[in-house]
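The file my_file03.tsv comes next; it holds TSV, C-alpha atoms.
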chain	number	residue	atom	x	y	z
A	1	MET	CA	-94.60	-56.59	-27.40
A	2	HIS	CA	-97.55	-55.04	-29.12
A	3	ARG	CA	-101.25	-55.16	-28.74
A	4	ARG	CA	-104.10	-54.69	-31.06
A	5	SER	CA	-107.77	-53.96	-30.98
A	6	ALA	CA	-108.03	-57.25	-30.80
A	7	LEU	CA	-104.32	-57.19	-30.44
A	8	LEU	CA	-101.86	-56.21	-27.69
A	9	PRO	CA	-98.14	-55.30	-28.59
A	10	LEU	CA	-95.90	-56.48	-26.54
A	11	LEU	CA	-96.82	-54.22	-28.29
A	12	THR	CA	-100.25	-54.60	-26.60
A	13	LEU	CA	-103.45	-54.73	-28.53
A	14	ALA	CA	-106.85	-54.11	-27.11
A	15	THR	CA	-109.96	-55.79	-28.24
A	16	ALA	CA	-111.33	-53.06	-30.18
A	17	SER	CA	-108.46	-50.88	-29.92
A	18	VAL	CA	-105.10	-52.06	-31.06
A	19	THR	CA	-101.91	-50.99	-29.59
A	20	LEU	CA	-99.39	-51.62	-32.12
A	21	PHE	CA	-99.90	-52.74	-35.55
A	22	ALA	CA	-101.52	-51.75	-38.55
A	23	ALA	CA	-103.96	-54.33	-39.71
A	24	GLY	CA	-102.21	-57.05	-41.60
A	25	GLY	CA	-102.80	-56.57	-45.24
A	26	ALA	CA	-99.68	-56.81	-47.26
A	27	ARG	CA	-98.22	-60.21	-47.95
A	28	ALA	CA	-94.73	-61.19	-49.00
A	29	GLU	CA	-94.35	-60.52	-52.68
A	30	ALA	CA	-93.66	-63.45	-54.92
A	31	ALA	CA	-91.53	-61.55	-57.41
A	32	GLY	CA	-87.99	-60.75	-56.40
A	33	ARG	CA	-86.66	-60.06	-52.96
A	34	PRO	CA	-87.30	-56.41	-52.12
A	35	LYS	CA	-84.74	-54.40	-50.25
A	36	PRO	CA	-85.44	-53.63	-46.59
A	37	VAL	CA	-85.40	-50.11	-45.15
A	38	GLN	CA	-82.12	-49.13	-43.49
A	39	HIS	CA	-81.30	-46.37	-41.03
A	40	ALA	CA	-77.91	-45.21	-39.76
A	41	ALA	CA	-77.58	-45.39	-35.96
A	42	ALA	CA	-74.38	-44.71	-33.99
A	43	ASP	CA	-72.08	-45.02	-36.99
A	44	SER	CA	-69.07	-43.16	-35.61
A	45	ALA	CA	-66.79	-43.96	-32.68
A	46	ALA	CA	-67.77	-40.73	-30.94
A	47	GLU	CA	-71.49	-41.50	-31.25
A	48	ARG	CA	-70.99	-45.02	-29.92
A	49	ARG	CA	-69.10	-43.72	-26.89
A	50	GLN	CA	-71.89	-41.24	-26.25
A	51	VAL	CA	-74.61	-43.89	-26.50
A	52	THR	CA	-72.74	-46.34	-24.27
A	53	THR	CA	-72.15	-43.65	-21.65
A	54	TYR	CA	-75.81	-42.65	-21.80
A	55	TRP	CA	-77.00	-46.07	-20.65
A	56	THR	CA	-76.21	-46.03	-16.96
A	57	GLU	CA	-77.58	-48.78	-14.75
A	58	ARG	CA	-80.11	-46.30	-13.39
A	59	ARG	CA	-81.43	-45.44	-16.86
A	60	MET	CA	-81.70	-49.07	-17.82
A	61	GLU	CA	-83.67	-49.92	-14.69
A	62	ALA	CA	-85.99	-46.97	-15.31
A	63	ALA	CA	-86.62	-47.74	-18.99
A	64	GLN	CA	-90.26	-48.59	-19.65
A	65	PRO	CA	-91.43	-51.51	-21.81
A	66	LEU	CA	-92.46	-50.22	-25.21
A	67	ASP	CA	-96.12	-49.74	-25.95
A	68	ALA	CA	-97.74	-48.27	-29.06
A	69	PRO	CA	-100.94	-46.54	-30.16
A	70	ALA	CA	-103.71	-48.42	-31.90
A	71	PRO	CA	-103.24	-48.41	-35.68
A	72	ASP	CA	-105.89	-47.17	-38.03
A	73	GLY	CA	-108.10	-49.54	-39.95
A	74	VAL	CA	-107.95	-52.56	-37.68
A	75	ALA	CA	-111.04	-54.74	-37.94
A	76	LYS	CA	-112.92	-55.44	-34.73
A	77	PRO	CA	-112.86	-59.09	-33.67
A	78	SER	CA	-116.49	-59.54	-34.66
A	79	GLN	CA	-115.64	-58.52	-38.22
A	80	GLY	CA	-112.98	-61.15	-38.72
A	81	THR	CA	-112.94	-64.89	-39.21
A	82	PRO	CA	-113.80	-66.67	-35.95
A	83	PHE	CA	-110.63	-67.22	-33.99
A	84	THR	CA	-109.76	-70.86	-33.44
A	85	ALA	CA	-107.94	-71.67	-30.24
A	86	PRO	CA	-105.14	-74.23	-30.23
A	87	PRO	CA	-106.18	-77.71	-29.10
A	88	THR	CA	-106.07	-78.17	-25.36
A	89	GLY	CA	-102.88	-79.81	-24.24
A	90	ALA	CA	-101.39	-79.76	-27.73
A	91	ARG	CA	-97.82	-80.91	-27.71
A	92	GLY	CA	-95.43	-80.88	-30.59
A	93	GLY	CA	-92.72	-83.12	-31.90
A	94	GLY	CA	-89.30	-81.97	-30.82
A	95	LEU	CA	-90.27	-81.19	-27.23
A	96	GLU	CA	-88.27	-83.40	-24.93
A	97	PRO	CA	-90.71	-85.73	-23.14
A	98	TRP	CA	-89.30	-84.65	-19.76
A	99	ALA	CA	-89.67	-80.93	-20.44
A	100	ALA	CA	-92.64	-79.31	-18.74
A	101	ARG	CA	-94.67	-77.05	-20.98
A	102	SER	CA	-94.36	-73.43	-19.86
A	103	SER	CA	-96.53	-70.40	-20.50
A	104	GLY	CA	-94.06	-68.02	-18.84
A	105	ALA	CA	-91.40	-69.11	-16.34
A	106	ALA	CA	-87.85	-68.04	-15.53
A	107	TRP	CA	-85.32	-69.92	-17.64
A	108	THR	CA	-82.98	-71.86	-15.35
A	109	GLY	CA	-81.59	-74.28	-17.90
A	110	GLY	CA	-78.46	-72.31	-18.75
A	111	GLY	CA	-76.84	-72.87	-22.12
A	112	ALA	CA	-76.23	-70.56	-25.06
A	113	VAL	CA	-79.66	-68.93	-24.90
A	114	THR	CA	-78.64	-67.12	-21.70
A	115	ARG	CA	-75.86	-65.39	-23.65
A	116	THR	CA	-77.48	-64.86	-27.04
A	117	THR	CA	-80.73	-63.41	-25.71
A	118	GLY	CA	-80.65	-59.95	-24.16
A	119	ARG	CA	-82.43	-56.73	-23.43
A	120	ILE	CA	-82.57	-53.85	-25.90
A	121	PHE	CA	-82.64	-50.25	-24.69
A	122	PHE	CA	-83.40	-47.15	-26.74
A	123	THR	CA	-84.97	-43.71	-26.67
A	124	THR	CA	-88.27	-43.14	-28.47
A	125	GLN	CA	-90.27	-39.91	-28.55
A	126	GLY	CA	-88.30	-38.49	-25.63
A	127	ARG	CA	-88.52	-41.49	-23.29
A	128	ASN	CA	-86.31	-44.47	-22.58
A	129	ALA	CA	-87.78	-47.87	-23.38
A	130	SER	CA	-86.88	-51.56	-23.55
A	131	CYS	CA	-87.42	-54.64	-25.72
A	132	SER	CA	-85.69	-58.01	-26.18
A	133	GLY	CA	-83.52	-59.41	-28.95
A	134	THR	CA	-81.17	-62.17	-30.05
A	135	ALA	CA	-77.67	-62.53	-31.41
A	136	VAL	CA	-77.80	-64.75	-34.51
A	137	THR	CA	-75.19	-66.36	-36.69
A	138	SER	CA	-74.29	-64.10	-39.62
A	139	ALA	CA	-71.51	-63.33	-42.08
A	140	ASN	CA	-70.42	-60.24	-40.13
A	141	LYS	CA	-71.04	-61.88	-36.73
A	142	SER	CA	-72.79	-58.69	-35.64
A	143	VAL	CA	-76.55	-59.13	-36.19
A	144	VAL	CA	-79.31	-58.87	-33.58
A	145	LEU	CA	-82.86	-59.85	-34.55
A	146	THR	CA	-85.84	-58.20	-32.85
A	147	ALA	CA	-89.33	-56.83	-33.57
A	148	GLY	CA	-89.91	-53.97	-36.01
A	149	HIS	CA	-91.46	-51.81	-33.31
A	150	CYS	CA	-88.24	-52.20	-31.32
A	151	VAL	CA	-86.35	-50.15	-33.92
A	152	ARG	CA	-89.05	-47.92	-35.40
A	153	LEU	CA	-92.50	-46.76	-34.29
A	154	ASN	CA	-94.93	-43.96	-35.10
A	155	GLY	CA	-92.95	-42.93	-38.16
A	156	ALA	CA	-89.51	-42.57	-36.56
A	157	PHE	CA	-86.51	-44.76	-35.81
A	158	HIS	CA	-85.42	-45.02	-32.19
A	159	THR	CA	-82.16	-43.47	-30.94
A	160	ASN	CA	-79.55	-44.47	-28.33
A	161	TRP	CA	-80.09	-48.10	-29.41
A	162	VAL	CA	-78.05	-50.76	-27.57
A	163	PHE	CA	-78.17	-54.53	-27.04
A	164	VAL	CA	-77.22	-56.04	-23.67
A	165	PRO	CA	-76.82	-59.83	-24.06
A	166	GLY	CA	-77.24	-61.95	-20.96
A	167	TYR	CA	-78.76	-59.08	-18.96
A	168	ALA	CA	-79.51	-60.20	-15.40
A	169	ALA	CA	-80.85	-57.94	-12.64
A	170	GLY	CA	-78.84	-54.93	-13.82
A	171	ARG	CA	-75.68	-56.87	-14.63
A	172	ARG	CA	-74.16	-56.72	-18.14
A	173	PRO	CA	-71.82	-59.73	-18.20
A	174	PHE	CA	-71.04	-59.41	-21.91
A	175	GLY	CA	-71.06	-55.65	-22.28
A	176	THR	CA	-73.24	-53.04	-23.98
A	177	TRP	CA	-73.37	-53.11	-27.79
A	178	PRO	CA	-74.46	-49.94	-29.67
A	179	ALA	CA	-76.12	-50.36	-33.07
A	180	THR	CA	-74.45	-48.84	-36.12
A	181	ARG	CA	-77.40	-49.61	-38.41
A	182	LEU	CA	-81.08	-50.50	-37.97
A	183	LEU	CA	-83.09	-52.37	-40.62
A	184	THR	CA	-86.74	-53.34	-40.95
A	185	THR	CA	-89.21	-54.57	-43.56
A	186	ARG	CA	-90.75	-52.17	-46.07
A	187	GLN	CA	-94.20	-53.03	-44.76
A	188	TRP	CA	-93.39	-52.19	-41.18
A	189	ASN	CA	-91.69	-48.98	-42.26
A	190	ALA	CA	-94.62	-47.91	-44.44
A	191	SER	CA	-97.65	-48.83	-42.36
A	192	GLU	CA	-96.57	-50.75	-39.26
A	193	ASP	CA	-98.12	-53.94	-40.61
A	194	ALA	CA	-98.12	-56.62	-37.89
A	195	ASN	CA	-97.40	-59.35	-40.42
A	196	PHE	CA	-93.94	-57.85	-40.92
A	197	ASP	CA	-93.06	-56.65	-37.41
A	198	VAL	CA	-89.43	-57.75	-37.67
A	199	ALA	CA	-86.14	-55.87	-37.59
A	200	ALA	CA	-82.41	-56.35	-37.36
A	201	ALA	CA	-79.62	-54.29	-35.86
A	202	VAL	CA	-75.96	-54.40	-36.77
A	203	VAL	CA	-73.83	-53.73	-33.69
A	204	ALA	CA	-70.24	-52.51	-33.59
A	205	PRO	CA	-67.42	-54.73	-32.30
A	206	LEU	CA	-66.55	-54.30	-28.64
A	207	GLU	CA	-62.88	-54.17	-27.70
A	208	GLY	CA	-61.99	-55.64	-31.07
A	209	ARG	CA	-64.36	-58.62	-30.87
A	210	THR	CA	-67.66	-59.16	-32.67
A	211	LEU	CA	-70.91	-59.99	-30.90
A	212	VAL	CA	-70.99	-63.61	-32.06
A	213	ASP	CA	-67.33	-64.06	-31.09
A	214	VAL	CA	-68.30	-63.08	-27.54
A	215	VAL	CA	-71.74	-64.66	-26.99
A	216	GLY	CA	-72.29	-67.03	-29.90
A	217	GLY	CA	-75.39	-66.94	-32.10
A	218	GLN	CA	-78.64	-68.79	-32.73
A	219	GLY	CA	-79.36	-70.17	-36.18
A	220	VAL	CA	-82.04	-68.59	-38.40
A	221	ALA	CA	-84.53	-70.24	-40.80
A	222	PHE	CA	-87.07	-68.86	-43.28
A	223	ASN	CA	-90.16	-70.18	-45.07
A	224	GLN	CA	-90.60	-73.09	-42.67
A	225	ARG	CA	-93.78	-75.08	-42.18
A	226	ARG	CA	-96.23	-73.84	-39.56
A	227	ARG	CA	-97.64	-75.36	-36.35
A	228	GLN	CA	-94.35	-76.59	-35.01
A	229	GLN	CA	-93.02	-76.85	-31.48
A	230	MET	CA	-91.22	-73.65	-30.46
A	231	TYR	CA	-89.62	-72.05	-27.45
A	232	ALA	CA	-90.07	-68.29	-26.99
A	233	PHE	CA	-87.72	-66.19	-24.84
A	234	GLY	CA	-87.70	-62.61	-23.66
A	235	TYR	CA	-87.35	-60.11	-20.83
A	236	PRO	CA	-90.92	-59.17	-19.87
A	237	ALA	CA	-90.95	-56.09	-17.64
A	238	VAL	CA	-94.64	-55.49	-16.90
A	239	ALA	CA	-96.12	-57.14	-13.76
A	240	PRO	CA	-95.85	-59.85	-12.70
A	241	TYR	CA	-92.40	-59.58	-14.31
A	242	ASP	CA	-89.79	-56.86	-13.77
A	243	GLY	CA	-87.33	-57.27	-16.66
A	244	SER	CA	-84.60	-58.64	-14.41
A	245	LYS	CA	-84.49	-62.18	-15.77
A	246	LEU	CA	-84.86	-64.27	-18.90
A	247	VAL	CA	-88.33	-65.88	-19.21
A	248	TYR	CA	-89.53	-68.57	-21.61
A	249	CYS	CA	-92.65	-70.23	-22.98
A	250	ASN	CA	-92.91	-73.39	-25.08
A	251	GLY	CA	-95.53	-75.33	-26.96
A	252	ARG	CA	-96.88	-76.03	-30.43
A	253	THR	CA	-97.75	-72.90	-32.40
A	254	PHE	CA	-101.14	-72.27	-34.00
A	255	ASP	CA	-102.34	-69.88	-36.71
A	256	ASP	CA	-103.92	-66.47	-36.13
A	257	HIS	CA	-107.13	-66.56	-38.18
A	258	LEU	CA	-108.37	-63.19	-37.02
A	259	LEU	CA	-106.29	-60.30	-38.32
A	260	THR	CA	-102.83	-61.52	-39.30
A	261	ASP	CA	-100.89	-64.39	-40.83
A	262	ASP	CA	-98.82	-64.70	-37.64
A	263	HIS	CA	-98.03	-67.70	-35.47
A	264	GLY	CA	-99.66	-67.95	-32.04
A	265	LEU	CA	-98.29	-69.49	-28.86
A	266	THR	CA	-99.71	-69.91	-25.36
A	267	CYS	CA	-97.57	-67.47	-23.39
A	268	ASP	CA	-98.16	-64.92	-20.65
A	269	MET	CA	-95.00	-62.83	-21.15
A	270	THR	CA	-95.72	-59.11	-20.99
A	271	GLY	CA	-94.37	-55.84	-22.40
A	272	GLY	CA	-90.59	-55.72	-22.67
A	273	SER	CA	-90.47	-59.23	-24.15
A	274	SER	CA	-91.11	-57.77	-27.63
A	275	GLY	CA	-88.49	-58.91	-30.08
A	276	GLY	CA	-87.44	-61.96	-28.09
A	277	PRO	CA	-86.77	-65.08	-30.19
A	278	TRP	CA	-89.00	-68.01	-31.10
A	279	LEU	CA	-86.75	-71.03	-31.62
A	280	LEU	CA	-87.36	-74.22	-33.58
A	281	ASN	CA	-85.54	-77.45	-32.72
A	282	PHE	CA	-84.46	-75.97	-29.42
A	283	ASN	CA	-82.09	-78.13	-27.39
A	284	ALA	CA	-82.62	-77.43	-23.70
A	285	SER	CA	-79.21	-78.91	-22.84
A	286	THR	CA	-77.15	-76.70	-25.15
A	287	GLY	CA	-79.49	-73.71	-25.25
A	288	LEU	CA	-79.29	-73.61	-29.04
A	289	GLY	CA	-82.04	-73.58	-31.66
A	290	THR	CA	-83.10	-71.99	-34.93
A	291	GLN	CA	-84.87	-68.65	-34.81
A	292	ASN	CA	-88.15	-68.54	-36.73
A	293	SER	CA	-90.17	-65.64	-35.25
A	294	VAL	CA	-90.16	-62.95	-32.56
A	295	ASN	CA	-92.53	-61.87	-29.78
A	296	SER	CA	-94.74	-59.25	-31.40
A	297	PHE	CA	-98.24	-58.69	-29.98
A	298	LYS	CA	-101.22	-59.94	-28.00
A	299	TYR	CA	-104.96	-59.46	-28.39
A	300	ASN	CA	-106.44	-57.88	-25.28
A	301	SER	CA	-109.20	-60.46	-25.44
A	302	THR	CA	-106.69	-63.35	-25.23
A	303	PRO	CA	-103.84	-62.17	-22.99
A	304	ASP	CA	-102.49	-65.69	-22.57
A	305	TRP	CA	-101.63	-65.97	-26.26
A	306	MET	CA	-98.58	-64.37	-27.86
A	307	PHE	CA	-98.28	-63.81	-31.61
A	308	GLY	CA	-95.20	-63.57	-33.80
A	309	PRO	CA	-94.69	-62.89	-37.53
A	310	TYR	CA	-93.97	-65.58	-40.10
A	311	PHE	CA	-90.34	-65.52	-41.27
A	312	GLY	CA	-90.78	-65.41	-45.04
A	313	ASN	CA	-88.93	-63.72	-47.91
A	314	GLU	CA	-89.32	-60.19	-46.56
A	315	VAL	CA	-87.72	-61.10	-43.25
A	316	GLN	CA	-85.00	-63.04	-45.04
A	317	SER	CA	-84.17	-59.89	-46.99
A	318	VAL	CA	-83.73	-57.95	-43.75
A	319	TYR	CA	-81.42	-60.61	-42.37
A	320	GLN	CA	-79.36	-60.86	-45.56
A	321	ALA	CA	-78.92	-57.10	-45.78
A	322	ALA	CA	-77.90	-56.94	-42.13
A	323	GLN	CA	-75.30	-59.69	-42.36
A	324	SER	CA	-73.83	-58.02	-45.46
A	325	THR	CA	-73.39	-54.69	-43.67
A	326	ASN	CA	-70.02	-53.61	-42.32
A	327	ALA	CA	-70.39	-53.35	-38.55
A	328	LEU	CA	-68.28	-50.17	-38.44

As structure tokens:
Amino acid sequence: MHRRSALLPLLTLATASVTLFAAGGARAEAAGRPKPVQHAAADSAAERRQVTTYWTERRMEAAQPLDAPAPDGVAKPSQGTPFTAPPTGARGGGLEPWAARSSGAAWTGGGAVTRTTGRIFFTTQGRNASCSGTAVTSANKSVVLTAGHCVRLNGAFHTNWVFVPGYAAGRRPFGTWPATRLLTTRQWNASEDANFDVAAAVVAPLEGRTLVDVVGGQGVAFNQRRRQQMYAFGYPAVAPYDGSKLVYCNGRTFDDHLLTDDHGLTCDMTGGSSGGPWLLNFNASTGLGTQNSVNSFKYNSTPDWMFGPYFGNEVQSVYQAAQSTNAL
């Protein structure tokens, strides 16, 4: 997750010093659907073997949650529109009446979400780091959605990128999946704009089977209405969490009126949860929903609120390009 000067990334943002994004400025363009930025990862069998071998249990446990430097040009909170908090006790349609609202608890409900959500590991600027991500339904059955800063940060794409679905206290029940290609929005690639902090990875088949064949996939939706009930999932790894288990938050989202066009959600997940899914119409019995954002950043001044980008045309372009890519 990211933070900013008013924001924290999961990336973590500080109130006058942001830790991850560039101030939101660009907006999805109305004309056409621009192509996302793509980057080759482990696109040969030899490279994939090398990356898989690299990620020993010891390295995974030692990987640090990603954090990022404050971007230039971020307005201080006092310079923006007054931030409006969500109404106290707001509840949204779609939340089962028996389900307790959570701002950050271990998920014990089982279901598909325990397989489709996982930890992401990679090397960035000489150090090993972690994020979260989700397997989603796609034409090639090989797409993982995550945050933009979980594939590229400070002008460079990460290396040794793998997805570990269902990660639990060091166990990898569904294997380790190296990325063959990484994709992100043009805006994140150009200026690390928090409004477009979204990315996708295409992962290679494992032992002849695709990712979705093995773990299933969450649905994906774009250009949906705002202020809906959502569940957010991730693997926070900064205290009081340690990255060993899947954590969730749920509630009705609200709008960020300060620096971005993002959704907000009451949630105390910490670094390492970046890139984890926000799901609409989530069914707690089946563990299935429709992905409509990702954990992105927090403002240092409001650490109990998480923010995630709106899934509009730019994000849809990333997804479509990813699902059209050959996984090998």

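Distances from A:Cys150, A:Ala284, A:Leu259, A:Ala135 to Asp193 in chain A were compared using only C-alpha atoms, and the smallest one belongs to A:Leu259.
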
Could you tell me which of A:Trp305, A:Tyr299, A:Trp188, A:Trp278 comes closest to Val37 in chain A if we count only C-alpha atoms?
A:Trp188

Within 9 Å of Thr108 in chain A, counting only C-alpha atoms, which residues qualify if same-chain residues fewer than 3 places away don't, as a PDB file with C-alpha atoms, in the coordinates of the input?
ATOM      1  CA  ALA A 105     -91.400 -69.110 -16.340  1.00  0.00           C
ATOM      2  CA  LEU A 246     -84.860 -64.270 -18.900  1.00  0.00           C
ATOM      3  CA  VAL A 247     -88.330 -65.880 -19.210  1.00  0.00           C
TER       4      VAL A 247
END

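Proximity to Cys249 in chain A was assessed for A:Met269, A:Ala139, A:Ala321, A:Ala45 counting only C-alpha atoms; the smallest distance is recorded for A:Met269.
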
Would you mind reading off the distance between CA of Gln64 in chain A and CA of Gly216 in chain A, one decimal, in Å?
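Here the two named atoms are 27.7 Å from each other.
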
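Minimum atom-to-atom distances from A:Thr180, A:Ser285, A:Glu207, A:Asn160 to Thr114 in chain A were compared using only C-alpha atoms, and the lowest value belongs to A:Ser285.
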
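Between Ala41 in chain A and the candidates A:Val318, A:Ala239, A:Val202, A:Val214, the tightest atom-to-atom separation, counting all atoms listed in the file, involves A:Val202.
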
Within-10 Å shell of (-81.2, -67.9, -42.5) in input frame, only C-alpha atoms, as a ChimeraX atom specification
/A:136-138,219-223,290-292,311,315-317,319-320
